[in-house]
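Containing compact mmCIF, N, CA and C atoms: final08.txt.
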```txt
# COMPACT_ATOMS: atom_id res chain seq x y z
N MET A 1 170.18 165.15 185.45
CA MET A 1 171.45 165.39 186.09
C MET A 1 171.82 164.17 186.93
N SER A 2 173.06 163.73 186.82
CA SER A 2 173.49 162.55 187.56
C SER A 2 173.65 162.88 189.04
N ASN A 3 173.67 161.85 189.85
CA ASN A 3 173.88 162.04 191.28
C ASN A 3 175.22 162.71 191.56
N LYS A 4 176.25 162.31 190.85
CA LYS A 4 177.58 162.89 191.03
C LYS A 4 177.55 164.39 190.70
N SER A 5 176.93 164.74 189.60
CA SER A 5 176.82 166.15 189.20
C SER A 5 176.08 166.96 190.24
N LYS A 6 175.02 166.40 190.78
CA LYS A 6 174.23 167.10 191.80
C LYS A 6 175.06 167.30 193.07
N VAL A 7 175.79 166.27 193.49
CA VAL A 7 176.65 166.39 194.67
C VAL A 7 177.72 167.45 194.43
N ASP A 8 178.35 167.43 193.26
CA ASP A 8 179.36 168.44 192.93
C ASP A 8 178.76 169.85 192.98
N GLU A 9 177.57 170.00 192.43
CA GLU A 9 176.89 171.30 192.42
C GLU A 9 176.61 171.78 193.84
N LEU A 10 176.12 170.89 194.68
CA LEU A 10 175.81 171.25 196.07
C LEU A 10 177.09 171.57 196.86
N PHE A 11 178.15 170.79 196.64
CA PHE A 11 179.42 171.04 197.33
C PHE A 11 180.00 172.39 196.91
N ASN A 12 179.93 172.70 195.63
CA ASN A 12 180.40 174.00 195.15
C ASN A 12 179.58 175.14 195.76
N ALA A 13 178.28 174.95 195.84
CA ALA A 13 177.41 175.98 196.43
C ALA A 13 177.74 176.18 197.91
N MET A 14 177.96 175.09 198.63
CA MET A 14 178.32 175.17 200.04
C MET A 14 179.67 175.86 200.20
N SER A 15 180.62 175.52 199.37
CA SER A 15 181.95 176.14 199.41
C SER A 15 181.86 177.63 199.12
N ASP A 16 181.06 178.01 198.15
CA ASP A 16 180.89 179.43 197.83
C ASP A 16 180.28 180.19 199.02
N GLU A 17 179.37 179.55 199.72
CA GLU A 17 178.75 180.18 200.89
C GLU A 17 179.78 180.40 202.00
N VAL A 18 180.64 179.43 202.21
CA VAL A 18 181.71 179.58 203.21
C VAL A 18 182.66 180.70 202.78
N CYS A 19 182.99 180.75 201.51
CA CYS A 19 183.86 181.81 200.99
C CYS A 19 183.23 183.18 201.22
N ASN A 20 181.95 183.31 200.96
CA ASN A 20 181.24 184.57 201.19
C ASN A 20 181.28 184.95 202.67
N PHE A 21 181.13 183.97 203.55
CA PHE A 21 181.19 184.23 204.98
C PHE A 21 182.58 184.74 205.38
N ILE A 22 183.62 184.11 204.85
CA ILE A 22 184.99 184.56 205.14
C ILE A 22 185.15 186.01 204.68
N LYS A 23 184.70 186.31 203.48
CA LYS A 23 184.83 187.65 202.91
C LYS A 23 184.13 188.69 203.79
N THR A 24 182.93 188.40 204.23
CA THR A 24 182.21 189.37 205.05
C THR A 24 182.76 189.46 206.47
N SER A 25 183.51 188.47 206.92
CA SER A 25 184.09 188.47 208.27
C SER A 25 185.44 189.17 208.33
N GLU A 26 186.09 189.32 207.20
CA GLU A 26 187.47 189.83 207.17
C GLU A 26 187.64 191.19 207.85
N ALA A 27 186.66 192.07 207.73
CA ALA A 27 186.77 193.42 208.29
C ALA A 27 186.95 193.40 209.81
N GLY A 28 186.53 192.33 210.46
CA GLY A 28 186.61 192.25 211.91
C GLY A 28 187.90 191.67 212.45
N PHE A 29 188.85 191.37 211.56
CA PHE A 29 190.07 190.70 212.00
C PHE A 29 191.32 191.39 211.44
N SER A 30 192.38 191.28 212.20
CA SER A 30 193.66 191.89 211.84
C SER A 30 194.13 191.42 210.46
N GLU A 31 194.42 192.37 209.60
CA GLU A 31 194.91 192.10 208.25
C GLU A 31 194.00 191.16 207.47
N SER A 32 192.74 191.12 207.83
CA SER A 32 191.69 190.34 207.16
C SER A 32 191.82 188.83 207.34
N TRP A 33 192.72 188.36 208.20
CA TRP A 33 192.89 186.92 208.42
C TRP A 33 191.85 186.43 209.43
N VAL A 34 190.93 185.61 208.97
CA VAL A 34 189.84 185.09 209.80
C VAL A 34 190.26 183.75 210.39
N PRO A 35 190.21 183.61 211.73
CA PRO A 35 190.60 182.33 212.34
C PRO A 35 189.69 181.18 211.90
N ALA A 36 190.30 180.05 211.63
CA ALA A 36 189.52 178.87 211.23
C ALA A 36 188.54 178.47 212.33
N THR A 37 188.93 178.62 213.58
CA THR A 37 188.02 178.27 214.68
C THR A 37 186.76 179.14 214.65
N TYR A 38 186.92 180.40 214.32
CA TYR A 38 185.76 181.31 214.21
C TYR A 38 184.83 180.85 213.09
N ILE A 39 185.40 180.52 211.96
CA ILE A 39 184.59 180.07 210.82
C ILE A 39 183.82 178.80 211.18
N LYS A 40 184.54 177.83 211.75
CA LYS A 40 183.90 176.56 212.12
C LYS A 40 182.80 176.76 213.15
N ASP A 41 183.07 177.61 214.15
CA ASP A 41 182.07 177.84 215.20
C ASP A 41 180.84 178.57 214.67
N GLN A 42 181.05 179.63 213.91
CA GLN A 42 179.93 180.43 213.43
C GLN A 42 179.05 179.67 212.44
N LEU A 43 179.66 178.82 211.64
CA LEU A 43 178.89 178.08 210.62
C LEU A 43 178.57 176.64 211.06
N ASP A 44 178.90 176.31 212.29
CA ASP A 44 178.66 174.96 212.83
C ASP A 44 179.23 173.88 211.90
N LEU A 45 180.52 174.03 211.58
CA LEU A 45 181.15 173.10 210.65
C LEU A 45 181.97 172.01 211.33
N LYS A 46 181.78 171.82 212.63
CA LYS A 46 182.37 170.68 213.31
C LYS A 46 181.30 169.59 213.34
N LYS A 47 181.58 168.50 212.67
CA LYS A 47 180.59 167.44 212.54
C LYS A 47 181.18 166.09 212.95
N SER A 48 180.32 165.19 213.36
CA SER A 48 180.76 163.83 213.69
C SER A 48 181.10 163.09 212.41
N ALA A 49 182.25 162.41 212.43
CA ALA A 49 182.70 161.70 211.24
C ALA A 49 182.68 160.18 211.43
N TYR A 50 182.27 159.74 212.59
CA TYR A 50 182.33 158.32 212.90
C TYR A 50 180.93 157.73 212.92
N PRO A 51 180.81 156.44 212.60
CA PRO A 51 179.49 155.79 212.65
C PRO A 51 178.92 155.83 214.07
N GLN A 52 177.61 155.88 214.18
CA GLN A 52 176.97 155.81 215.49
C GLN A 52 177.38 154.51 216.17
N GLY A 53 177.65 154.57 217.45
CA GLY A 53 178.04 153.38 218.19
C GLY A 53 179.53 153.08 218.14
N ASN A 54 180.28 153.84 217.39
CA ASN A 54 181.73 153.67 217.34
C ASN A 54 182.33 154.13 218.67
N LYS A 55 183.48 153.56 219.06
CA LYS A 55 184.12 153.96 220.31
C LYS A 55 184.46 155.44 220.31
N ILE A 56 184.96 155.93 219.20
CA ILE A 56 185.28 157.35 219.07
C ILE A 56 184.08 158.03 218.43
N ASP A 57 183.61 159.09 219.07
CA ASP A 57 182.47 159.81 218.51
C ASP A 57 182.55 161.28 218.89
N ASN A 58 183.58 161.95 218.40
CA ASN A 58 183.69 163.37 218.68
C ASN A 58 183.55 164.17 217.39
N LYS A 59 183.16 165.42 217.54
CA LYS A 59 183.01 166.28 216.37
C LYS A 59 184.38 166.84 216.00
N THR A 60 184.64 166.88 214.70
CA THR A 60 185.93 167.39 214.21
C THR A 60 185.68 168.39 213.08
N GLY A 61 186.75 169.03 212.65
CA GLY A 61 186.66 170.03 211.59
C GLY A 61 186.88 169.47 210.21
N TRP A 62 186.66 168.19 210.00
CA TRP A 62 186.92 167.55 208.71
C TRP A 62 186.16 168.23 207.57
N LEU A 63 184.92 168.62 207.82
CA LEU A 63 184.11 169.22 206.75
C LEU A 63 184.69 170.58 206.34
N PHE A 64 185.02 171.40 207.33
CA PHE A 64 185.61 172.69 207.00
C PHE A 64 186.95 172.52 206.30
N ALA A 65 187.77 171.59 206.75
CA ALA A 65 189.08 171.37 206.13
C ALA A 65 188.92 170.99 204.65
N THR A 66 187.94 170.19 204.34
CA THR A 66 187.69 169.78 202.96
C THR A 66 187.21 170.97 202.13
N ILE A 67 186.32 171.76 202.68
CA ILE A 67 185.82 172.94 201.98
C ILE A 67 186.94 173.94 201.76
N ALA A 68 187.74 174.19 202.81
CA ALA A 68 188.84 175.16 202.70
C ALA A 68 189.85 174.72 201.64
N ARG A 69 190.16 173.45 201.58
CA ARG A 69 191.09 172.97 200.56
C ARG A 69 190.51 173.16 199.17
N HIS A 70 189.24 172.89 199.03
CA HIS A 70 188.55 173.08 197.75
C HIS A 70 188.64 174.55 197.33
N LEU A 71 188.41 175.46 198.26
CA LEU A 71 188.50 176.89 197.97
C LEU A 71 189.93 177.30 197.62
N GLN A 72 190.91 176.70 198.30
CA GLN A 72 192.31 176.97 197.96
C GLN A 72 192.62 176.50 196.54
N ASP A 73 192.16 175.32 196.21
CA ASP A 73 192.41 174.77 194.87
C ASP A 73 191.81 175.65 193.78
N GLN A 74 190.75 176.38 194.11
CA GLN A 74 190.12 177.29 193.16
C GLN A 74 190.69 178.71 193.28
N ASN A 75 191.73 178.86 194.10
CA ASN A 75 192.36 180.17 194.35
C ASN A 75 191.38 181.21 194.87
N LYS A 76 190.41 180.76 195.66
CA LYS A 76 189.43 181.67 196.24
C LYS A 76 189.82 182.13 197.64
N VAL A 77 190.64 181.34 198.35
CA VAL A 77 191.10 181.73 199.68
C VAL A 77 192.59 181.48 199.82
N GLN A 78 193.17 182.22 200.76
CA GLN A 78 194.57 182.04 201.14
C GLN A 78 194.59 181.46 202.55
N PHE A 79 195.67 180.77 202.87
CA PHE A 79 195.81 180.11 204.17
C PHE A 79 197.12 180.54 204.81
N LYS A 80 197.10 180.70 206.13
CA LYS A 80 198.35 180.86 206.87
C LYS A 80 198.19 180.20 208.23
N LYS A 81 199.32 179.77 208.76
CA LYS A 81 199.34 179.12 210.06
C LYS A 81 200.27 179.91 210.95
N VAL A 82 199.82 180.20 212.16
CA VAL A 82 200.64 180.89 213.16
C VAL A 82 200.61 180.01 214.40
N GLY A 83 201.74 179.38 214.69
CA GLY A 83 201.75 178.40 215.77
C GLY A 83 200.84 177.24 215.42
N SER A 84 199.88 176.99 216.27
CA SER A 84 198.93 175.90 216.00
C SER A 84 197.61 176.41 215.44
N ARG A 85 197.52 177.72 215.21
CA ARG A 85 196.26 178.31 214.73
C ARG A 85 196.28 178.54 213.23
N SER A 86 195.15 178.29 212.58
CA SER A 86 195.01 178.46 211.14
C SER A 86 194.10 179.64 210.85
N PHE A 87 194.42 180.35 209.75
CA PHE A 87 193.67 181.52 209.36
C PHE A 87 193.43 181.49 207.85
N TYR A 88 192.32 182.12 207.45
CA TYR A 88 191.97 182.20 206.03
C TYR A 88 191.53 183.60 205.69
N LYS A 89 191.78 184.00 204.44
CA LYS A 89 191.18 185.21 203.89
C LYS A 89 190.99 184.98 202.40
N THR A 90 190.06 185.74 201.85
CA THR A 90 189.76 185.56 200.43
C THR A 90 190.88 186.12 199.60
N SER A 91 191.07 185.55 198.43
CA SER A 91 192.07 186.03 197.49
C SER A 91 191.50 187.22 196.74
N GLU A 92 192.37 188.11 196.35
CA GLU A 92 191.89 189.29 195.63
C GLU A 92 192.25 189.25 194.18
```
Using the file provided, produce a representation of the structure as structure tokens.
Amino acid sequence: MSNKSKVDELFNAMSDEVCNFIKTSEAGFSESWVPATYIKDQLDLKKSAYPQGNKIDNKTGWLFATIARHLQDQNKVQFKKVGSRSFYKTSE
């Protein structure tokens, strides 16, 4: 298996795990919409994106945003924005 194939396989597995977490969390939220902040906090998906020693070194939601977009592209989750807050729920 090539390195690219292995990375794709691992990314898909990670995305599926996030999707499963969203699905199991839906019962605790109004109309099944799970806040993105809840997902990121519970799964520790805020990660540093800058090289060590860079002037800017804060954790951001880049990893979750990439996973969420991947899940949207596969029609596995739906997205909505209310004000400045983002929410997700699984597609049925």
(request) Using only N, CA and C atoms, determine which residues lie at most 6 Å from Phe64 in chain A, disregarding the query and same-chain residues fewer than 4 positions distant; provide the list as a count of residues only. (result) 3
Which residues of range 48-85 of chain A have any atom within 8 Å of an atom in range 5-27 of chain A when counting only N, CA and C atoms, and what is the closest pair of atoms for each, with the distance in Å to one decimal? Order the rows by chain and rising number and write it as a Markdown table.
```
| residue | atom | partner | partner_atom | distance |
| --- | --- | --- | --- | --- |
| A:Thr66 | C | A:Ser15 | CA | 7.9 |
| A:Ile67 | CA | A:Ser15 | CA | 5.6 |
| A:Ala68 | N | A:Ser15 | CA | 7.0 |
| A:His70 | C | A:Ser15 | CA | 7.2 |
| A:Leu71 | N | A:Ser15 | CA | 6.6 |
| A:Lys76 | C | A:Cys19 | CA | 6.8 |
| A:Val77 | N | A:Cys19 | CA | 7.3 |
```
(request) Within 8 Å of range 47-49 of chain A, counting only N, CA and C atoms, which residues show up once you throw out same-chain ones fewer than 2 positions away? Write them as a ChimeraX atom specification, please. (result) /A:44-45,51-52,56-64
(message) Could you pull out the helix (DSSP H, G or I) residues of chain A, going by DSSP on the backbone, and write them as a ChimeraX atom specification?
(response) /A:3-28,30-32,36-42,62-73
Write out the residues from the selection above, keeping N, CA and C atoms, as a CSV table (one decimal), keeping the file's coordinate frame.
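File written: part12.csv
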```csv
chain,number,residue,atom,x,y,z
A,3,ASN,N,173.7,161.8,189.8
A,3,ASN,CA,173.9,162.0,191.3
A,3,ASN,C,175.2,162.7,191.6
A,4,LYS,N,176.2,162.3,190.8
A,4,LYS,CA,177.6,162.9,191.0
A,4,LYS,C,177.6,164.4,190.7
A,5,SER,N,176.9,164.7,189.6
A,5,SER,CA,176.8,166.2,189.2
A,5,SER,C,176.1,167.0,190.2
A,6,LYS,N,175.0,166.4,190.8
A,6,LYS,CA,174.2,167.1,191.8
A,6,LYS,C,175.1,167.3,193.1
A,7,VAL,N,175.8,166.3,193.5
A,7,VAL,CA,176.6,166.4,194.7
A,7,VAL,C,177.7,167.4,194.4
A,8,ASP,N,178.4,167.4,193.3
A,8,ASP,CA,179.4,168.4,192.9
A,8,ASP,C,178.8,169.8,193.0
A,9,GLU,N,177.6,170.0,192.4
A,9,GLU,CA,176.9,171.3,192.4
A,9,GLU,C,176.6,171.8,193.8
A,10,LEU,N,176.1,170.9,194.7
A,10,LEU,CA,175.8,171.2,196.1
A,10,LEU,C,177.1,171.6,196.9
A,11,PHE,N,178.2,170.8,196.6
A,11,PHE,CA,179.4,171.0,197.3
A,11,PHE,C,180.0,172.4,196.9
A,12,ASN,N,179.9,172.7,195.6
A,12,ASN,CA,180.4,174.0,195.2
A,12,ASN,C,179.6,175.1,195.8
A,13,ALA,N,178.3,175.0,195.8
A,13,ALA,CA,177.4,176.0,196.4
A,13,ALA,C,177.7,176.2,197.9
A,14,MET,N,178.0,175.1,198.6
A,14,MET,CA,178.3,175.2,200.0
A,14,MET,C,179.7,175.9,200.2
A,15,SER,N,180.6,175.5,199.4
A,15,SER,CA,182.0,176.1,199.4
A,15,SER,C,181.9,177.6,199.1
A,16,ASP,N,181.1,178.0,198.2
A,16,ASP,CA,180.9,179.4,197.8
A,16,ASP,C,180.3,180.2,199.0
A,17,GLU,N,179.4,179.6,199.7
A,17,GLU,CA,178.8,180.2,200.9
A,17,GLU,C,179.8,180.4,202.0
A,18,VAL,N,180.6,179.4,202.2
A,18,VAL,CA,181.7,179.6,203.2
A,18,VAL,C,182.7,180.7,202.8
A,19,CYS,N,183.0,180.8,201.5
A,19,CYS,CA,183.9,181.8,201.0
A,19,CYS,C,183.2,183.2,201.2
A,20,ASN,N,182.0,183.3,201.0
A,20,ASN,CA,181.2,184.6,201.2
A,20,ASN,C,181.3,185.0,202.7
A,21,PHE,N,181.1,184.0,203.6
A,21,PHE,CA,181.2,184.2,205.0
A,21,PHE,C,182.6,184.7,205.4
A,22,ILE,N,183.6,184.1,204.8
A,22,ILE,CA,185.0,184.6,205.1
A,22,ILE,C,185.2,186.0,204.7
A,23,LYS,N,184.7,186.3,203.5
A,23,LYS,CA,184.8,187.6,202.9
A,23,LYS,C,184.1,188.7,203.8
A,24,THR,N,182.9,188.4,204.2
A,24,THR,CA,182.2,189.4,205.0
A,24,THR,C,182.8,189.5,206.5
A,25,SER,N,183.5,188.5,206.9
A,25,SER,CA,184.1,188.5,208.3
A,25,SER,C,185.4,189.2,208.3
A,26,GLU,N,186.1,189.3,207.2
A,26,GLU,CA,187.5,189.8,207.2
A,26,GLU,C,187.6,191.2,207.8
A,27,ALA,N,186.7,192.1,207.7
A,27,ALA,CA,186.8,193.4,208.3
A,27,ALA,C,187.0,193.4,209.8
A,28,GLY,N,186.5,192.3,210.5
A,28,GLY,CA,186.6,192.2,211.9
A,28,GLY,C,187.9,191.7,212.4
A,30,SER,N,192.4,191.3,212.2
A,30,SER,CA,193.7,191.9,211.8
A,30,SER,C,194.1,191.4,210.5
A,31,GLU,N,194.4,192.4,209.6
A,31,GLU,CA,194.9,192.1,208.2
A,31,GLU,C,194.0,191.2,207.5
A,32,SER,N,192.7,191.1,207.8
A,32,SER,CA,191.7,190.3,207.2
A,32,SER,C,191.8,188.8,207.3
A,36,ALA,N,190.3,180.0,211.6
A,36,ALA,CA,189.5,178.9,211.2
A,36,ALA,C,188.5,178.5,212.3
A,37,THR,N,188.9,178.6,213.6
A,37,THR,CA,188.0,178.3,214.7
A,37,THR,C,186.8,179.1,214.6
A,38,TYR,N,186.9,180.4,214.3
A,38,TYR,CA,185.8,181.3,214.2
A,38,TYR,C,184.8,180.8,213.1
A,39,ILE,N,185.4,180.5,212.0
A,39,ILE,CA,184.6,180.1,210.8
A,39,ILE,C,183.8,178.8,211.2
A,40,LYS,N,184.5,177.8,211.8
A,40,LYS,CA,183.9,176.6,212.1
A,40,LYS,C,182.8,176.8,213.2
A,41,ASP,N,183.1,177.6,214.2
A,41,ASP,CA,182.1,177.8,215.2
A,41,ASP,C,180.8,178.6,214.7
A,42,GLN,N,181.0,179.6,213.9
A,42,GLN,CA,179.9,180.4,213.4
A,42,GLN,C,179.0,179.7,212.4
A,62,TRP,N,186.7,168.2,210.0
A,62,TRP,CA,186.9,167.6,208.7
A,62,TRP,C,186.2,168.2,207.6
A,63,LEU,N,184.9,168.6,207.8
A,63,LEU,CA,184.1,169.2,206.8
A,63,LEU,C,184.7,170.6,206.3
A,64,PHE,N,185.0,171.4,207.3
A,64,PHE,CA,185.6,172.7,207.0
A,64,PHE,C,187.0,172.5,206.3
A,65,ALA,N,187.8,171.6,206.8
A,65,ALA,CA,189.1,171.4,206.1
A,65,ALA,C,188.9,171.0,204.6
A,66,THR,N,187.9,170.2,204.3
A,66,THR,CA,187.7,169.8,203.0
A,66,THR,C,187.2,171.0,202.1
A,67,ILE,N,186.3,171.8,202.7
A,67,ILE,CA,185.8,172.9,202.0
A,67,ILE,C,186.9,173.9,201.8
A,68,ALA,N,187.7,174.2,202.8
A,68,ALA,CA,188.8,175.2,202.7
A,68,ALA,C,189.8,174.7,201.6
A,69,ARG,N,190.2,173.4,201.6
A,69,ARG,CA,191.1,173.0,200.6
A,69,ARG,C,190.5,173.2,199.2
A,70,HIS,N,189.2,172.9,199.0
A,70,HIS,CA,188.6,173.1,197.8
A,70,HIS,C,188.6,174.6,197.3
A,71,LEU,N,188.4,175.5,198.3
A,71,LEU,CA,188.5,176.9,198.0
A,71,LEU,C,189.9,177.3,197.6
A,72,GLN,N,190.9,176.7,198.3
A,72,GLN,CA,192.3,177.0,198.0
A,72,GLN,C,192.6,176.5,196.5
A,73,ASP,N,192.2,175.3,196.2
A,73,ASP,CA,192.4,174.8,194.9
A,73,ASP,C,191.8,175.6,193.8
```
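Atom pair CA of Thr90 in chain A / atom N of Ala65 in chain A has a distance of 15.5 Å (rounded to one decimal).
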(request) For CA of Ser32 in chain A and CA of Arg85 in chain A, quote the distance in Å rounded to one decimal. (result)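 If I compute the distance from CA of Ser32 in chain A to CA of Arg85 in chain A, I get 14.9 Å.
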(request) Go ahead and compute the interatomic distance for CA of Ser86 in chain A and atom N of Ala36 in chain A, in Å to one decimal. (result) 5.0 Å
(request) Fewer than 5 positions away in the same chain doesn't count, so skip those; otherwise give me all residues within 7 Å of Phe87 in chain A, counting only C-alpha atoms, as a list in words. (result)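 Counting only the stated atoms, we get Trp33, Val34, Pro35, Ala36, Phe79, Lys80 and Lys81 of chain A.
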Residue subset to file, keeping N, CA and C atoms, as a PDB file, in the frame of the given file:
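Wrote it out as again_32.pdb, contents follow:
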```pdb
ATOM      1  N   TRP A  33     192.720 188.360 208.200  1.00  0.00           N
ATOM      2  CA  TRP A  33     192.890 186.920 208.420  1.00  0.00           C
ATOM      3  C   TRP A  33     191.850 186.430 209.430  1.00  0.00           C
ATOM      4  N   VAL A  34     190.930 185.610 208.970  1.00  0.00           N
ATOM      5  CA  VAL A  34     189.840 185.090 209.800  1.00  0.00           C
ATOM      6  C   VAL A  34     190.260 183.750 210.390  1.00  0.00           C
ATOM      7  N   PRO A  35     190.210 183.610 211.730  1.00  0.00           N
ATOM      8  CA  PRO A  35     190.600 182.330 212.340  1.00  0.00           C
ATOM      9  C   PRO A  35     189.690 181.180 211.900  1.00  0.00           C
ATOM     10  N   ALA A  36     190.300 180.050 211.630  1.00  0.00           N
ATOM     11  CA  ALA A  36     189.520 178.870 211.230  1.00  0.00           C
ATOM     12  C   ALA A  36     188.540 178.470 212.330  1.00  0.00           C
ATOM     13  N   PHE A  79     195.670 180.770 202.870  1.00  0.00           N
ATOM     14  CA  PHE A  79     195.810 180.110 204.170  1.00  0.00           C
ATOM     15  C   PHE A  79     197.120 180.540 204.810  1.00  0.00           C
ATOM     16  N   LYS A  80     197.100 180.700 206.130  1.00  0.00           N
ATOM     17  CA  LYS A  80     198.350 180.860 206.870  1.00  0.00           C
ATOM     18  C   LYS A  80     198.190 180.200 208.230  1.00  0.00           C
ATOM     19  N   LYS A  81     199.320 179.770 208.760  1.00  0.00           N
ATOM     20  CA  LYS A  81     199.340 179.120 210.060  1.00  0.00           C
ATOM     21  C   LYS A  81     200.270 179.910 210.950  1.00  0.00           C
TER      22      LYS A  81
END
```
Could you write out as AutoDock Vina command-line options the box around range 12-22 of chain A (axis-aligned, all atoms listed in the file, 6 Å on each side), with centre and edge lengths in Å to one decimal?
```
--center_x 181.3 --center_y 179.4 --center_z 200.3 --size_x 19.7 --size_y 25.3 --size_z 22.2
```
As a short mmCIF file (atom, residue, chain, number, x, y, z; two decimals) with N, CA and C atoms, keeping the file's coordinate frame, please: all residues of range 5-63 of chain A that backbone DSSP puts in strand (DSSP E or B).
```
data_model
loop_
_atom_site.label_atom_id
_atom_site.label_comp_id
_atom_site.auth_asym_id
_atom_site.auth_seq_id
_atom_site.Cartn_x
_atom_site.Cartn_y
_atom_site.Cartn_z
N VAL A 34 190.93 185.61 208.97
CA VAL A 34 189.84 185.09 209.80
C VAL A 34 190.26 183.75 210.39
N PRO A 35 190.21 183.61 211.73
CA PRO A 35 190.60 182.33 212.34
C PRO A 35 189.69 181.18 211.90
N LYS A 47 181.58 168.50 212.67
CA LYS A 47 180.59 167.44 212.54
C LYS A 47 181.18 166.09 212.95
N SER A 48 180.32 165.19 213.36
CA SER A 48 180.76 163.83 213.69
C SER A 48 181.10 163.09 212.41
N LYS A 59 183.16 165.42 217.54
CA LYS A 59 183.01 166.28 216.37
C LYS A 59 184.38 166.84 216.00
N THR A 60 184.64 166.88 214.70
CA THR A 60 185.93 167.39 214.21
C THR A 60 185.68 168.39 213.08
#
```
Because the input lacks atoms here, generate N, CA, C and O atoms for range 45-58 of chain A and report them as a PDB file, in the coordinates of the input.
```pdb
ATOM      1  N   LEU A  45     180.520 174.030 211.580  1.00  0.00           N
ATOM      2  CA  LEU A  45     181.150 173.100 210.650  1.00  0.00           C
ATOM      3  C   LEU A  45     181.970 172.010 211.330  1.00  0.00           C
ATOM      4  O   LEU A  45     182.758 171.337 210.682  1.00  0.00           O
ATOM      5  N   LYS A  46     181.780 171.820 212.630  1.00  0.00           N
ATOM      6  CA  LYS A  46     182.370 170.680 213.310  1.00  0.00           C
ATOM      7  C   LYS A  46     181.300 169.590 213.340  1.00  0.00           C
ATOM      8  O   LYS A  46     180.233 169.779 213.917  1.00  0.00           O
ATOM      9  N   LYS A  47     181.580 168.500 212.670  1.00  0.00           N
ATOM     10  CA  LYS A  47     180.590 167.440 212.540  1.00  0.00           C
ATOM     11  C   LYS A  47     181.180 166.090 212.950  1.00  0.00           C
ATOM     12  O   LYS A  47     182.383 165.879 212.883  1.00  0.00           O
ATOM     13  N   SER A  48     180.320 165.190 213.360  1.00  0.00           N
ATOM     14  CA  SER A  48     180.760 163.830 213.690  1.00  0.00           C
ATOM     15  C   SER A  48     181.100 163.090 212.410  1.00  0.00           C
ATOM     16  O   SER A  48     180.360 163.156 211.430  1.00  0.00           O
ATOM     17  N   ALA A  49     182.250 162.410 212.430  1.00  0.00           N
ATOM     18  CA  ALA A  49     182.700 161.700 211.240  1.00  0.00           C
ATOM     19  C   ALA A  49     182.680 160.180 211.430  1.00  0.00           C
ATOM     20  O   ALA A  49     183.050 159.444 210.527  1.00  0.00           O
ATOM     21  N   TYR A  50     182.270 159.740 212.590  1.00  0.00           N
ATOM     22  CA  TYR A  50     182.330 158.320 212.900  1.00  0.00           C
ATOM     23  C   TYR A  50     180.930 157.730 212.920  1.00  0.00           C
ATOM     24  O   TYR A  50     179.965 158.417 213.252  1.00  0.00           O
ATOM     25  N   PRO A  51     180.810 156.440 212.600  1.00  0.00           N
ATOM     26  CA  PRO A  51     179.490 155.790 212.650  1.00  0.00           C
ATOM     27  C   PRO A  51     178.920 155.830 214.070  1.00  0.00           C
ATOM     28  O   PRO A  51     179.672 155.817 215.050  1.00  0.00           O
ATOM     29  N   GLN A  52     177.610 155.880 214.180  1.00  0.00           N
ATOM     30  CA  GLN A  52     176.970 155.810 215.490  1.00  0.00           C
ATOM     31  C   GLN A  52     177.380 154.510 216.170  1.00  0.00           C
ATOM     32  O   GLN A  52     177.435 153.463 215.531  1.00  0.00           O
ATOM     33  N   GLY A  53     177.650 154.570 217.450  1.00  0.00           N
ATOM     34  CA  GLY A  53     178.040 153.380 218.190  1.00  0.00           C
ATOM     35  C   GLY A  53     179.530 153.080 218.140  1.00  0.00           C
ATOM     36  O   GLY A  53     179.993 152.140 218.781  1.00  0.00           O
ATOM     37  N   ASN A  54     180.280 153.840 217.390  1.00  0.00           N
ATOM     38  CA  ASN A  54     181.730 153.670 217.340  1.00  0.00           C
ATOM     39  C   ASN A  54     182.330 154.130 218.670  1.00  0.00           C
ATOM     40  O   ASN A  54     181.773 154.975 219.351  1.00  0.00           O
ATOM     41  N   LYS A  55     183.480 153.560 219.060  1.00  0.00           N
ATOM     42  CA  LYS A  55     184.120 153.960 220.310  1.00  0.00           C
ATOM     43  C   LYS A  55     184.460 155.440 220.310  1.00  0.00           C
ATOM     44  O   LYS A  55     184.283 156.136 221.295  1.00  0.00           O
ATOM     45  N   ILE A  56     184.960 155.930 219.200  1.00  0.00           N
ATOM     46  CA  ILE A  56     185.280 157.350 219.070  1.00  0.00           C
ATOM     47  C   ILE A  56     184.080 158.030 218.430  1.00  0.00           C
ATOM     48  O   ILE A  56     183.595 157.604 217.399  1.00  0.00           O
ATOM     49  N   ASP A  57     183.610 159.090 219.070  1.00  0.00           N
ATOM     50  CA  ASP A  57     182.470 159.810 218.510  1.00  0.00           C
ATOM     51  C   ASP A  57     182.550 161.280 218.890  1.00  0.00           C
ATOM     52  O   ASP A  57     181.723 161.793 219.621  1.00  0.00           O
ATOM     53  N   ASN A  58     183.580 161.950 218.400  1.00  0.00           N
ATOM     54  CA  ASN A  58     183.690 163.370 218.680  1.00  0.00           C
ATOM     55  C   ASN A  58     183.550 164.170 217.390  1.00  0.00           C
ATOM     56  O   ASN A  58     183.790 163.663 216.307  1.00  0.00           O
TER      57      ASN A  58
END
```
